[in-house]
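Shown below: target-v7.json, with JSON, C-alpha atoms.
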[["chain", "number", "residue", "atom", "x", "y", "z"],
["A", 1, "MET", "CA", -0.35, 1.63, -8.11],
["A", 2, "LYS", "CA", 2.76, 2.79, -6.26],
["A", 3, "ALA", "CA", 4.33, 0.78, -3.46],
["A", 4, "VAL", "CA", 7.60, 0.46, -1.59],
["A", 5, "ARG", "CA", 9.09, -3.03, -1.80],
["A", 6, "PHE", "CA", 12.35, -4.87, -1.25],
["A", 7, "HIS", "CA", 13.43, -7.64, -3.63],
["A", 8, "ASP", "CA", 16.30, -8.84, -1.43],
["A", 9, "TYR", "CA", 17.02, -8.63, 2.28],
["A", 10, "GLY", "CA", 19.48, -5.99, 3.33],
["A", 11, "ALA", "CA", 20.10, -2.40, 4.40],
["A", 12, "PRO", "CA", 17.48, 0.36, 3.90],
["A", 13, "GLU", "CA", 18.84, 0.91, 0.38],
["A", 14, "VAL", "CA", 17.08, -2.28, -0.79],
["A", 15, "LEU", "CA", 13.71, -0.50, -0.49],
["A", 16, "ARG", "CA", 12.34, 0.69, -3.85],
["A", 17, "TYR", "CA", 9.45, 3.03, -4.59],
["A", 18, "GLU", "CA", 7.98, 1.43, -7.71],
["A", 19, "ASP", "CA", 4.95, 0.55, -9.81],
["A", 20, "VAL", "CA", 3.06, -2.56, -8.72],
["A", 21, "THR", "CA", -0.03, -4.25, -10.14],
["A", 22, "LEU", "CA", -3.23, -3.28, -8.33],
["A", 23, "PRO", "CA", -4.20, -6.32, -6.22],
["A", 24, "VAL", "CA", -7.60, -8.01, -6.48],
["A", 25, "PRO", "CA", -9.25, -9.29, -3.30],
["A", 26, "ALA", "CA", -9.83, -13.02, -2.96],
["A", 27, "ALA", "CA", -12.60, -14.60, -0.92],
["A", 28, "GLY", "CA", -12.61, -13.20, 2.61],
["A", 29, "GLN", "CA", -10.39, -10.27, 1.68],
["A", 30, "VAL", "CA", -10.98, -6.58, 1.14],
["A", 31, "ARG", "CA", -8.90, -4.05, -0.73],
["A", 32, "VAL", "CA", -8.13, -0.97, 1.32],
["A", 33, "ARG", "CA", -7.20, 2.37, -0.19],
["A", 34, "VAL", "CA", -4.39, 3.29, 2.17],
["A", 35, "ALA", "CA", -4.60, 6.56, 4.07],
["A", 36, "ALA", "CA", -1.45, 5.64, 5.98],
["A", 37, "THR", "CA", 0.68, 2.90, 7.40],
["A", 38, "SER", "CA", 3.23, 3.42, 10.17],
["A", 39, "PHE", "CA", 6.82, 2.50, 10.87],
["A", 40, "ASN", "CA", 7.55, -0.17, 13.46],
["A", 41, "PRO", "CA", 11.04, -1.40, 14.41],
["A", 42, "VAL", "CA", 10.05, -4.91, 13.33],
["A", 43, "ASP", "CA", 9.76, -3.57, 9.76],
["A", 44, "GLY", "CA", 13.50, -2.94, 9.77],
["A", 45, "ASN", "CA", 14.20, -6.39, 11.23],
["A", 46, "ILE", "CA", 12.09, -8.07, 8.55],
["A", 47, "ARG", "CA", 13.76, -6.05, 5.80],
["A", 48, "GLY", "CA", 17.19, -6.90, 7.15],
["A", 49, "GLY", "CA", 16.41, -10.63, 7.08],
["A", 50, "PHE", "CA", 16.65, -11.06, 10.84],
["A", 51, "MET", "CA", 13.09, -12.41, 11.24],
["A", 52, "ARG", "CA", 13.07, -15.09, 8.55],
["A", 53, "GLY", "CA", 12.29, -17.80, 11.09],
["A", 54, "PRO", "CA", 9.25, -16.35, 12.90],
["A", 55, "ILE", "CA", 8.09, -14.11, 10.02],
["A", 56, "PRO", "CA", 8.81, -15.72, 6.63],
["A", 57, "VAL", "CA", 7.90, -13.35, 3.80],
["A", 58, "GLU", "CA", 7.80, -13.85, 0.04],
["A", 59, "LEU", "CA", 10.06, -11.58, -1.98],
["A", 60, "PRO", "CA", 9.52, -8.98, -3.29],
["A", 61, "HIS", "CA", 7.83, -7.82, -0.11],
["A", 62, "THR", "CA", 5.93, -4.66, 0.78],
["A", 63, "PRO", "CA", 6.39, -3.63, 4.45],
["A", 64, "GLY", "CA", 3.83, -1.87, 6.63],
["A", 65, "ILE", "CA", 1.98, -3.92, 9.26],
["A", 66, "ASP", "CA", -0.41, -1.16, 10.36],
["A", 67, "VAL", "CA", -3.06, 0.18, 8.02],
["A", 68, "ALA", "CA", -5.70, 2.89, 8.10],
["A", 69, "GLY", "CA", -7.82, 3.60, 5.07],
["A", 70, "THR", "CA", -11.11, 3.09, 3.28],
["A", 71, "VAL", "CA", -12.61, -0.11, 1.89],
["A", 72, "ASP", "CA", -12.19, 0.00, -1.88],
["A", 73, "ALA", "CA", -13.26, -3.50, -3.04],
["A", 74, "LEU", "CA", -14.77, -6.59, -1.44],
["A", 75, "GLY", "CA", -13.92, -10.24, -2.04],
["A", 76, "ASP", "CA", -16.53, -12.99, -1.97],
["A", 77, "GLY", "CA", -18.04, -13.87, 1.37],
["A", 78, "VAL", "CA", -17.18, -10.63, 3.16],
["A", 79, "ASP", "CA", -19.90, -9.51, 5.56],
["A", 80, "GLY", "CA", -20.02, -6.50, 7.85],
["A", 81, "LEU", "CA", -17.96, -4.19, 5.67],
["A", 82, "GLU", "CA", -19.11, -1.83, 2.91],
["A", 83, "LEU", "CA", -17.37, 0.14, 0.22],
["A", 84, "GLY", "CA", -16.14, 3.43, 1.66],
["A", 85, "ASP", "CA", -15.96, 2.22, 5.27],
["A", 86, "ARG", "CA", -13.12, 3.82, 7.25],
["A", 87, "VAL", "CA", -11.10, 1.00, 8.77],
["A", 88, "VAL", "CA", -7.96, 0.31, 10.74],
["A", 89, "GLY", "CA", -6.12, -2.95, 11.20],
["A", 90, "PHE", "CA", -3.03, -4.98, 12.03],
["A", 91, "LEU", "CA", -2.10, -6.89, 8.86],
["A", 92, "PRO", "CA", -0.59, -10.39, 8.80],
["A", 93, "MET", "CA", 3.14, -9.97, 9.34],
["A", 94, "ASP", "CA", 4.08, -12.54, 6.69],
["A", 95, "GLY", "CA", 1.97, -10.92, 3.95],
["A", 96, "ASP", "CA", 2.38, -7.76, 1.92],
["A", 97, "GLY", "CA", 1.88, -4.64, 3.98],
["A", 98, "ALA", "CA", 0.42, -1.19, 3.57],
["A", 99, "ALA", "CA", 3.45, 0.78, 2.34],
["A", 100, "ALA", "CA", 1.46, 1.21, -0.86],
["A", 101, "GLU", "CA", -1.51, 3.06, -2.29],
["A", 102, "TYR", "CA", -3.70, -0.05, -1.87],
["A", 103, "VAL", "CA", -3.39, -3.22, 0.18],
["A", 104, "LEU", "CA", -5.30, -6.47, 0.56],
["A", 105, "ALA", "CA", -6.40, -7.36, 4.07],
["A", 106, "PRO", "CA", -8.28, -10.29, 5.57],
["A", 107, "ALA", "CA", -11.66, -8.84, 6.46],
["A", 108, "ASP", "CA", -11.44, -10.24, 9.97],
["A", 109, "VAL", "CA", -8.40, -8.15, 10.97],
["A", 110, "LEU", "CA", -10.16, -4.84, 10.30],
["A", 111, "THR", "CA", -12.33, -2.74, 12.56],
["A", 112, "ALA", "CA", -13.92, 0.69, 12.27],
["A", 113, "ALA", "CA", -11.40, 3.51, 12.54],
["A", 114, "PRO", "CA", -11.65, 6.10, 15.31],
["A", 115, "GLN", "CA", -14.10, 8.86, 14.49],
["A", 116, "ASP", "CA", -12.31, 11.79, 16.10],
["A", 117, "VAL", "CA", -8.78, 11.12, 14.85],
["A", 118, "PRO", "CA", -7.56, 11.93, 11.32],
["A", 119, "LEU", "CA", -7.76, 8.67, 9.38],
["A", 120, "ALA", "CA", -4.05, 8.68, 8.53],
["A", 121, "ASP", "CA", -3.11, 9.14, 12.20],
["A", 122, "ALA", "CA", -5.16, 6.06, 13.13],
["A", 123, "ALA", "CA", -2.38, 3.98, 11.55],
["A", 124, "ALA", "CA", -0.33, 4.80, 14.66],
["A", 125, "LEU", "CA", -2.61, 2.66, 16.84],
["A", 126, "PRO", "CA", -2.81, -1.05, 15.89],
["A", 127, "LEU", "CA", 0.52, -2.78, 16.51],
["A", 128, "VAL", "CA", 1.77, -0.66, 19.40],
["A", 129, "GLY", "CA", -1.65, -0.32, 21.01],
["A", 130, "LEU", "CA", -2.25, -4.06, 20.85],
["A", 131, "THR", "CA", 1.23, -4.76, 22.23],
["A", 132, "ALA", "CA", 0.49, -2.61, 25.27],
["A", 133, "TYR", "CA", -3.01, -4.05, 25.72],
["A", 134, "GLN", "CA", -1.90, -7.68, 25.46],
["A", 135, "ALA", "CA", 1.06, -7.15, 27.78],
["A", 136, "LEU", "CA", -1.08, -5.59, 30.50],
["A", 137, "PHE", "CA", -4.28, -7.59, 30.29],
["A", 138, "ASP", "CA", -3.69, -10.87, 28.45],
["A", 139, "HIS", "CA", -0.35, -11.68, 30.04],
["A", 140, "ALA", "CA", -0.10, -9.67, 33.26],
["A", 141, "GLY", "CA", -3.79, -9.82, 34.19],
["A", 142, "LEU", "CA", -3.67, -6.24, 35.43],
["A", 143, "THR", "CA", -6.37, -5.18, 37.90],
["A", 144, "ALA", "CA", -7.21, -1.90, 39.62],
["A", 145, "GLY", "CA", -4.99, -0.95, 42.54],
["A", 146, "GLN", "CA", -1.92, -2.79, 41.34],
["A", 147, "ARG", "CA", 1.49, -1.21, 40.90],
["A", 148, "VAL", "CA", 2.92, -1.27, 37.37],
["A", 149, "LEU", "CA", 6.44, -0.45, 36.26],
["A", 150, "VAL", "CA", 6.85, 0.44, 32.57],
["A", 151, "ASN", "CA", 10.45, 0.35, 31.36],
["A", 152, "GLY", "CA", 10.69, 2.18, 28.05],
["A", 153, "ALA", "CA", 7.66, 4.33, 28.84],
["A", 154, "GLY", "CA", 8.85, 7.04, 26.45],
["A", 155, "GLY", "CA", 8.48, 4.82, 23.38],
["A", 156, "ALA", "CA", 5.41, 4.31, 21.22],
["A", 157, "VAL", "CA", 4.27, 1.17, 23.06],
["A", 158, "GLY", "CA", 5.13, 2.73, 26.40],
["A", 159, "GLY", "CA", 2.87, 5.71, 25.83],
["A", 160, "TYR", "CA", -0.12, 3.43, 25.33],
["A", 161, "ALA", "CA", 0.92, 1.16, 28.22],
["A", 162, "VAL", "CA", 1.01, 4.10, 30.64],
["A", 163, "GLN", "CA", -2.39, 5.36, 29.46],
["A", 164, "LEU", "CA", -4.03, 1.92, 29.58],
["A", 165, "ALA", "CA", -2.59, 1.01, 32.98],
["A", 166, "LYS", "CA", -3.66, 4.32, 34.48],
["A", 167, "GLY", "CA", -7.09, 3.96, 32.92],
["A", 168, "ALA", "CA", -7.40, 0.54, 34.56],
["A", 169, "GLY", "CA", -6.79, 2.07, 37.99],
["A", 170, "ALA", "CA", -3.15, 1.10, 38.44],
["A", 171, "HIS", "CA", -0.34, 3.07, 40.07],
["A", 172, "VAL", "CA", 2.12, 3.61, 37.21],
["A", 173, "ILE", "CA", 5.87, 4.02, 37.56],
["A", 174, "ALA", "CA", 7.39, 5.07, 34.24],
["A", 175, "ILE", "CA", 11.05, 4.62, 33.37],
["A", 176, "ALA", "CA", 11.96, 7.17, 30.70],
["A", 177, "GLY", "CA", 14.68, 9.55, 29.58],
["A", 178, "PRO", "CA", 14.52, 13.33, 29.91],
["A", 179, "ARG", "CA", 13.36, 13.81, 26.31],
["A", 180, "SER", "CA", 10.07, 12.02, 27.00],
["A", 181, "ALA", "CA", 9.51, 12.77, 30.69],
["A", 182, "GLU", "CA", 6.81, 15.40, 30.14],
["A", 183, "ALA", "CA", 4.94, 13.22, 27.63],
["A", 184, "VAL", "CA", 5.01, 10.31, 30.05],
["A", 185, "LYS", "CA", 3.62, 12.49, 32.84],
["A", 186, "ALA", "CA", 0.89, 13.73, 30.49],
["A", 187, "ALA", "CA", 0.01, 10.11, 29.71],
["A", 188, "GLY", "CA", -0.79, 9.63, 33.39],
["A", 189, "ALA", "CA", 2.32, 8.25, 35.06],
["A", 190, "ASP", "CA", 2.27, 8.63, 38.85],
["A", 191, "GLU", "CA", 6.07, 8.46, 39.10],
["A", 192, "VAL", "CA", 8.75, 9.07, 36.47],
["A", 193, "VAL", "CA", 12.26, 7.71, 36.91],
["A", 194, "ASP", "CA", 15.01, 9.13, 34.69],
["A", 195, "HIS", "CA", 17.11, 6.09, 33.83],
["A", 196, "THR", "CA", 19.93, 8.32, 32.55],
["A", 197, "THR", "CA", 20.64, 9.77, 36.00],
["A", 198, "THR", "CA", 19.11, 7.29, 38.45],
["A", 199, "SER", "CA", 19.51, 3.61, 39.22],
["A", 200, "VAL", "CA", 16.09, 2.08, 38.59],
["A", 201, "PRO", "CA", 16.36, -0.53, 41.41],
["A", 202, "SER", "CA", 17.27, 2.19, 43.93],
["A", 203, "ALA", "CA", 14.45, 4.47, 42.76],
["A", 204, "VAL", "CA", 11.68, 1.87, 43.05],
["A", 205, "THR", "CA", 11.44, 1.40, 46.79],
["A", 206, "GLU", "CA", 8.16, -0.56, 46.94],
["A", 207, "PRO", "CA", 7.60, -3.80, 45.00],
["A", 208, "VAL", "CA", 5.44, -3.74, 41.89],
["A", 209, "ASP", "CA", 2.86, -6.29, 40.81],
["A", 210, "VAL", "CA", 3.69, -5.99, 37.11],
["A", 211, "ALA", "CA", 6.84, -4.96, 35.28],
["A", 212, "LEU", "CA", 6.79, -4.33, 31.53],
["A", 213, "ASN", "CA", 10.07, -4.24, 29.68],
["A", 214, "LEU", "CA", 9.63, -2.46, 26.35],
["A", 215, "ALA", "CA", 13.25, -1.37, 25.89],
["A", 216, "PRO", "CA", 16.32, -3.15, 24.44],
["A", 217, "VAL", "CA", 18.21, -3.23, 27.73],
["A", 218, "ASP", "CA", 21.14, -5.51, 28.50],
["A", 219, "PRO", "CA", 20.50, -8.84, 30.29],
["A", 220, "ALA", "CA", 21.68, -7.52, 33.65],
["A", 221, "ALA", "CA", 19.24, -4.61, 33.54],
["A", 222, "LEU", "CA", 16.42, -6.95, 32.57],
["A", 223, "ALA", "CA", 17.28, -9.32, 35.42],
["A", 224, "ALA", "CA", 17.29, -6.36, 37.83],
["A", 225, "LEU", "CA", 13.67, -5.64, 36.96],
["A", 226, "VAL", "CA", 12.68, -9.07, 38.27],
["A", 227, "THR", "CA", 13.96, -8.12, 41.72],
["A", 228, "LEU", "CA", 11.46, -5.24, 41.80],
["A", 229, "VAL", "CA", 8.46, -7.53, 41.30],
["A", 230, "ARG", "CA", 6.63, -8.81, 44.37],
["A", 231, "PRO", "CA", 6.35, -12.57, 44.99],
["A", 232, "GLY", "CA", 3.70, -13.97, 42.66],
["A", 233, "GLY", "CA", 3.99, -11.04, 40.24],
["A", 234, "VAL", "CA", 4.93, -10.98, 36.58],
["A", 235, "LEU", "CA", 7.50, -9.49, 34.22],
["A", 236, "VAL", "CA", 6.35, -9.15, 30.60],
["A", 237, "ASN", "CA", 9.12, -8.62, 28.06],
["A", 238, "THR", "CA", 8.67, -7.49, 24.45],
["A", 239, "THR", "CA", 12.32, -7.77, 23.39],
["A", 240, "VAL", "CA", 11.80, -11.33, 22.26],
["A", 241, "TRP", "CA", 15.43, -11.91, 21.21],
["A", 242, "MET", "CA", 16.31, -11.79, 24.93],
["A", 243, "PRO", "CA", 14.17, -14.25, 26.95],
["A", 244, "ALA", "CA", 12.33, -12.90, 29.97],
["A", 245, "PRO", "CA", 13.95, -13.94, 33.25],
["A", 246, "SER", "CA", 11.87, -15.28, 36.11],
["A", 247, "ASP", "CA", 12.35, -16.05, 39.80],
["A", 248, "GLU", "CA", 10.81, -19.44, 40.54],
["A", 249, "GLU", "CA", 11.73, -19.27, 44.21],
["A", 250, "ARG", "CA", 9.53, -16.18, 44.66],
["A", 251, "GLY", "CA", 6.94, -17.20, 42.07],
["A", 252, "VAL", "CA", 7.73, -14.31, 39.72],
["A", 253, "ARG", "CA", 6.86, -15.30, 36.17],
["A", 254, "GLY", "CA", 8.77, -14.06, 33.14],
["A", 255, "ILE", "CA", 6.69, -13.88, 29.96],
["A", 256, "ASP", "CA", 7.85, -13.10, 26.42],
["A", 257, "LEU", "CA", 5.24, -11.29, 24.36],
["A", 258, "PHE", "CA", 4.92, -11.58, 20.60],
["A", 259, "VAL", "CA", 2.00, -9.38, 19.63],
["A", 260, "ARG", "CA", -0.88, -10.85, 17.60],
["A", 261, "SER", "CA", -3.58, -9.26, 15.50],
["A", 262, "ASP", "CA", -6.94, -9.11, 17.29],
["A", 263, "ALA", "CA", -9.72, -7.03, 15.75],
["A", 264, "GLY", "CA", -11.87, -7.33, 18.88],
["A", 265, "GLN", "CA", -9.18, -5.88, 21.10],
["A", 266, "LEU", "CA", -8.42, -3.23, 18.50],
["A", 267, "ALA", "CA", -12.09, -2.24, 18.54],
["A", 268, "LYS", "CA", -11.83, -1.79, 22.32],
["A", 269, "LEU", "CA", -8.86, 0.53, 21.83],
["A", 270, "VAL", "CA", -10.75, 2.49, 19.17],
["A", 271, "ALA", "CA", -13.68, 2.85, 21.58],
["A", 272, "LEU", "CA", -11.33, 4.26, 24.22],
["A", 273, "VAL", "CA", -10.00, 6.73, 21.66],
["A", 274, "ASP", "CA", -13.51, 7.81, 20.68],
["A", 275, "ARG", "CA", -14.42, 8.32, 24.36],
["A", 276, "GLY", "CA", -11.37, 10.50, 24.87],
["A", 277, "GLU", "CA", -9.78, 7.98, 27.24],
["A", 278, "LEU", "CA", -6.84, 7.07, 25.01],
["A", 279, "ARG", "CA", -4.75, 9.49, 22.96],
["A", 280, "VAL", "CA", -3.21, 8.57, 19.63],
["A", 281, "GLU", "CA", 0.21, 10.20, 19.49],
["A", 282, "VAL", "CA", 1.93, 10.90, 16.17],
["A", 283, "ALA", "CA", 5.45, 12.32, 16.26],
["A", 284, "GLU", "CA", 5.99, 12.68, 12.53],
["A", 285, "ARG", "CA", 4.33, 12.20, 9.14],
["A", 286, "VAL", "CA", 6.29, 11.30, 6.03],
["A", 287, "SER", "CA", 5.28, 10.47, 2.46],
["A", 288, "LEU", "CA", 5.60, 6.98, 1.01],
["A", 289, "PRO", "CA", 8.61, 7.81, -1.22],
["A", 290, "GLU", "CA", 10.46, 8.86, 1.95],
["A", 291, "LEU", "CA", 10.11, 5.41, 3.55],
["A", 292, "PRO", "CA", 13.64, 4.23, 2.62],
["A", 293, "ALA", "CA", 15.09, 7.34, 4.25],
["A", 294, "LEU", "CA", 12.92, 6.72, 7.32],
["A", 295, "HIS", "CA", 14.28, 3.17, 7.60],
["A", 296, "ALA", "CA", 17.80, 4.59, 7.36],
["A", 297, "ARG", "CA", 17.14, 7.10, 10.13],
["A", 298, "ALA", "CA", 15.64, 4.38, 12.30],
["A", 299, "ALA", "CA", 18.71, 2.21, 11.79],
["A", 300, "GLU", "CA", 20.79, 5.10, 13.13],
["A", 301, "GLY", "CA", 18.54, 5.49, 16.18],
["A", 302, "ALA", "CA", 17.29, 8.85, 14.95],
["A", 303, "VAL", "CA", 13.53, 8.11, 14.97],
["A", 304, "HIS", "CA", 11.67, 8.98, 18.17],
["A", 305, "GLY", "CA", 7.96, 8.42, 18.66],
["A", 306, "LYS", "CA", 5.43, 7.08, 16.19],
["A", 307, "VAL", "CA", 5.82, 7.92, 12.50],
["A", 308, "VAL", "CA", 2.96, 7.52, 10.05],
["A", 309, "VAL", "CA", 3.63, 7.07, 6.34],
["A", 310, "VAL", "CA", 1.12, 8.44, 3.83],
["A", 311, "PRO", "CA", 0.86, 7.79, 0.08],
["A", 312, "ALA", "CA", 2.31, 10.59, -2.00]]
Whole structure given in structure tokens:
Amino acid sequence: MKAVRFHDYGAPEVLRYEDVTLPVPAAGQVRVRVAATSFNPVDGNIRGGFMRGPIPVELPHTPGIDVAGTVDALGDGVDGLELGDRVVGFLPMDGDGAAAEYVLAPADVLTAAPQDVPLADAAALPLVGLTAYQALFDHAGLTAGQRVLVNGAGGAVGGYAVQLAKGAGAHVIAIAGPRSAEAVKAAGADEVVDHTTTSVPSAVTEPVDVALNLAPVDPAALAALVTLVRPGGVLVNTTVWMPAPSDEERGVRGIDLFVRSDAGQLAKLVALVDRGELRVEVAERVSLPELPALHARAAEGAVHGKVVVVPA
């Protein structure tokens, strides 16, 4: 089969489109014929060698944490999945990913793919959708009627966070640039603050219950978000290289989120998609041989929105 791999850590040029032996599923695994994976910024960090501590991978390594595809072979002891099933999943970060024509996946990370979304596009959902879900519900404990500030609302995670928070009955304040303002409004934001022209602290005049930071802001900007959170509220931060600040005097908790695979939560997101309550947004589709060029564009800051990567 064909796959994209890197044999050494480094710049995007280390990625090679090459022939790889077709993998055979072990007990508890399934082989998925890949309809698509997607690009996530963490892919570039793993390739560059910056995540060797939290995410140790064996070289050569195939990137691609998200997968959408069809079940192609079953290992021993796999129940609940059949050949030909359309599935979606968040693969183990330290194992080989889905930037390939086929990938092995633990059966327990997979769930049925959305029915009303092209199968390849479903690869845009797992990692970013779960990040938004876990930030809002696992860590912030969001409930109806609360006020939520989403910093970085124009990004892939932010789009899902705005939709999920609004769907849960929250008042959503989205911080986004002019390029994504209309998309953020369409996702359901009640207020949109343009961070390129407006001071966020001056624009948010009423305290929020929950602040999500999804953007690589500087420490001062992150600390300023804490001041917008009411006493007893929470700031959830996904930029894990910069610890979340807190305010113990006012009881504002700072939580760092490192997303985890959860097939049950992913199934909930799929159900929302199938009910028309959650939109899967795809900004771009590229073929697998173009993945090195996509990594290069991302390193230059030239990738906006969610990109799915399909086998050639």
| request: Could you give me, as number ranges by chain, the residues within 7 Å of segment 179-181 of chain A, counting all atoms listed in the file and dropping anything in the same chain fewer than 3 positions from it? | output: A: 154, 176, 184-185, 192
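Closest to Val234 of chain A among A:Asp76, A:Glu191, A:Asp138, A:Glu277 is A:Asp138, based on only C-alpha atoms.
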| field | Neighbour residues at most 12 Å from (-1.0, 5.8, 39.2) (only C-alpha atoms) as a PyMOL selection string | value | chain A and resi 144-150+162-174+184-192+208
| task | Write out as a list in words each polymer residue whose atoms come within 9 Å of Glu18 of chain A, counting all atoms listed in the file; drop sequence neighbours fewer than 2 positions from it. | result | Met1, Lys2, Ala3, Val4, Arg5, Arg16 and Val20 of chain A
| Of the candidates A:Asp43, A:Asp121, A:Asp209, A:Asp66, which one gets nearest to Gly89 of chain A if we count only C-alpha atoms? | A:Asp66
| task | Pick out the closest residue to Val303 of chain A from this set: A:Gly155, A:Gly49, A:Gly233, A:Pro245. Count all atoms listed in the file. | result | A:Gly155
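Residues surrounding Met93 of chain A within 9 Å are Ile55, Pro56, Val57, Pro63, Gly64, Ile65, Phe90, Leu91, Gly95, Asp96 and Gly97 of chain A [all atoms listed in the file; sequence separation below 2 positions excluded].
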| task | Could you give me, as number ranges by chain, the residues that sit within 9 Å of (14.2, -1.6, 44.6) in the file's coordinates, counting all atoms listed in the file? | result | A: 200-207, 224-225, 227-229
| request: Could you tell me how far atom CA of Ala113 of chain A lies from atom CA of Arg86 of chain A, in Å and to one decimal? | output: 5.6 Å
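For the set A:Ala73, A:Val240, A:Thr196, A:Ala120, the residue with the smallest atom-to-atom gap to Leu22 of chain A is A:Ala73, counting all atoms listed in the file.
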| How far is it from atom CA of Ala99 of chain A to atom CA of Glu290 of chain A, in Å with one decimal? | 10.7 Å
| request: Skip Gln115 of chain A itself and residues of its chain fewer than 4 positions away, then list as a ChimeraX atom specification all residues within 10 Å of it, counting all atoms listed in the file. | output: /A:86,119,122,270-271,273-275
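In this structure, atom CA of Glu248 of chain A sits 25.1 Å away from atom CA of Ile175 of chain A.
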Would you mind writing segment 234-240 of chain A with all heavy atoms, as a PDB file, in the frame of the given file?
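Below is the file result-v2.pdb, written as the result:
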ATOM      1  N   VAL A 234       4.584 -10.591  37.948  1.00  0.00           N
ATOM      2  CA  VAL A 234       4.930 -10.980  36.580  1.00  0.00           C
ATOM      3  C   VAL A 234       5.773  -9.903  35.908  1.00  0.00           C
ATOM      4  O   VAL A 234       5.570  -8.705  36.138  1.00  0.00           O
ATOM      5  CB  VAL A 234       3.646 -11.261  35.760  1.00  0.00           C
ATOM      6  CG1 VAL A 234       2.757 -10.036  35.670  1.00  0.00           C
ATOM      7  CG2 VAL A 234       3.993 -11.766  34.366  1.00  0.00           C
ATOM      8  N   LEU A 235       6.730 -10.359  35.108  1.00  0.00           N
ATOM      9  CA  LEU A 235       7.500  -9.490  34.220  1.00  0.00           C
ATOM     10  C   LEU A 235       7.135  -9.880  32.789  1.00  0.00           C
ATOM     11  O   LEU A 235       7.267 -11.046  32.406  1.00  0.00           O
ATOM     12  CB  LEU A 235       9.000  -9.688  34.433  1.00  0.00           C
ATOM     13  CG  LEU A 235       9.915  -9.108  33.343  1.00  0.00           C
ATOM     14  CD1 LEU A 235       9.918  -7.590  33.395  1.00  0.00           C
ATOM     15  CD2 LEU A 235      11.330  -9.647  33.459  1.00  0.00           C
ATOM     16  N   VAL A 236       6.660  -8.911  32.007  1.00  0.00           N
ATOM     17  CA  VAL A 236       6.350  -9.150  30.600  1.00  0.00           C
ATOM     18  C   VAL A 236       7.388  -8.412  29.761  1.00  0.00           C
ATOM     19  O   VAL A 236       7.613  -7.208  29.948  1.00  0.00           O
ATOM     20  CB  VAL A 236       4.928  -8.660  30.231  1.00  0.00           C
ATOM     21  CG1 VAL A 236       4.630  -8.973  28.770  1.00  0.00           C
ATOM     22  CG2 VAL A 236       3.881  -9.315  31.132  1.00  0.00           C
ATOM     23  N   ASN A 237       8.002  -9.141  28.841  1.00  0.00           N
ATOM     24  CA  ASN A 237       9.120  -8.620  28.060  1.00  0.00           C
ATOM     25  C   ASN A 237       8.768  -8.654  26.572  1.00  0.00           C
ATOM     26  O   ASN A 237       8.305  -9.676  26.059  1.00  0.00           O
ATOM     27  CB  ASN A 237      10.356  -9.491  28.321  1.00  0.00           C
ATOM     28  CG  ASN A 237      11.530  -9.123  27.460  1.00  0.00           C
ATOM     29  OD1 ASN A 237      11.856  -7.948  27.313  1.00  0.00           O
ATOM     30  ND2 ASN A 237      12.174 -10.130  26.878  1.00  0.00           N
ATOM     31  N   THR A 238       8.977  -7.525  25.881  1.00  0.00           N
ATOM     32  CA  THR A 238       8.670  -7.490  24.450  1.00  0.00           C
ATOM     33  C   THR A 238       9.914  -7.603  23.583  1.00  0.00           C
ATOM     34  O   THR A 238       9.793  -7.675  22.359  1.00  0.00           O
ATOM     35  CB  THR A 238       7.928  -6.182  24.082  1.00  0.00           C
ATOM     36  OG1 THR A 238       8.772  -5.057  24.353  1.00  0.00           O
ATOM     37  CG2 THR A 238       6.632  -6.055  24.865  1.00  0.00           C
ATOM     38  N   THR A 239      11.093  -7.597  24.177  1.00  0.00           N
ATOM     39  CA  THR A 239      12.320  -7.770  23.390  1.00  0.00           C
ATOM     40  C   THR A 239      12.579  -9.263  23.270  1.00  0.00           C
ATOM     41  O   THR A 239      13.362  -9.844  24.013  1.00  0.00           O
ATOM     42  CB  THR A 239      13.503  -7.045  24.062  1.00  0.00           C
ATOM     43  OG1 THR A 239      13.651  -7.513  25.400  1.00  0.00           O
ATOM     44  CG2 THR A 239      13.282  -5.549  24.082  1.00  0.00           C
ATOM     45  N   VAL A 240      11.899  -9.874  22.295  1.00  0.00           N
ATOM     46  CA  VAL A 240      11.800 -11.330  22.260  1.00  0.00           C
ATOM     47  C   VAL A 240      13.123 -12.024  21.946  1.00  0.00           C
ATOM     48  O   VAL A 240      13.243 -13.232  22.139  1.00  0.00           O
ATOM     49  CB  VAL A 240      10.725 -11.778  21.258  1.00  0.00           C
ATOM     50  CG1 VAL A 240       9.351 -11.358  21.739  1.00  0.00           C
ATOM     51  CG2 VAL A 240      11.000 -11.210  19.867  1.00  0.00           C
TER      52      VAL A 240
END
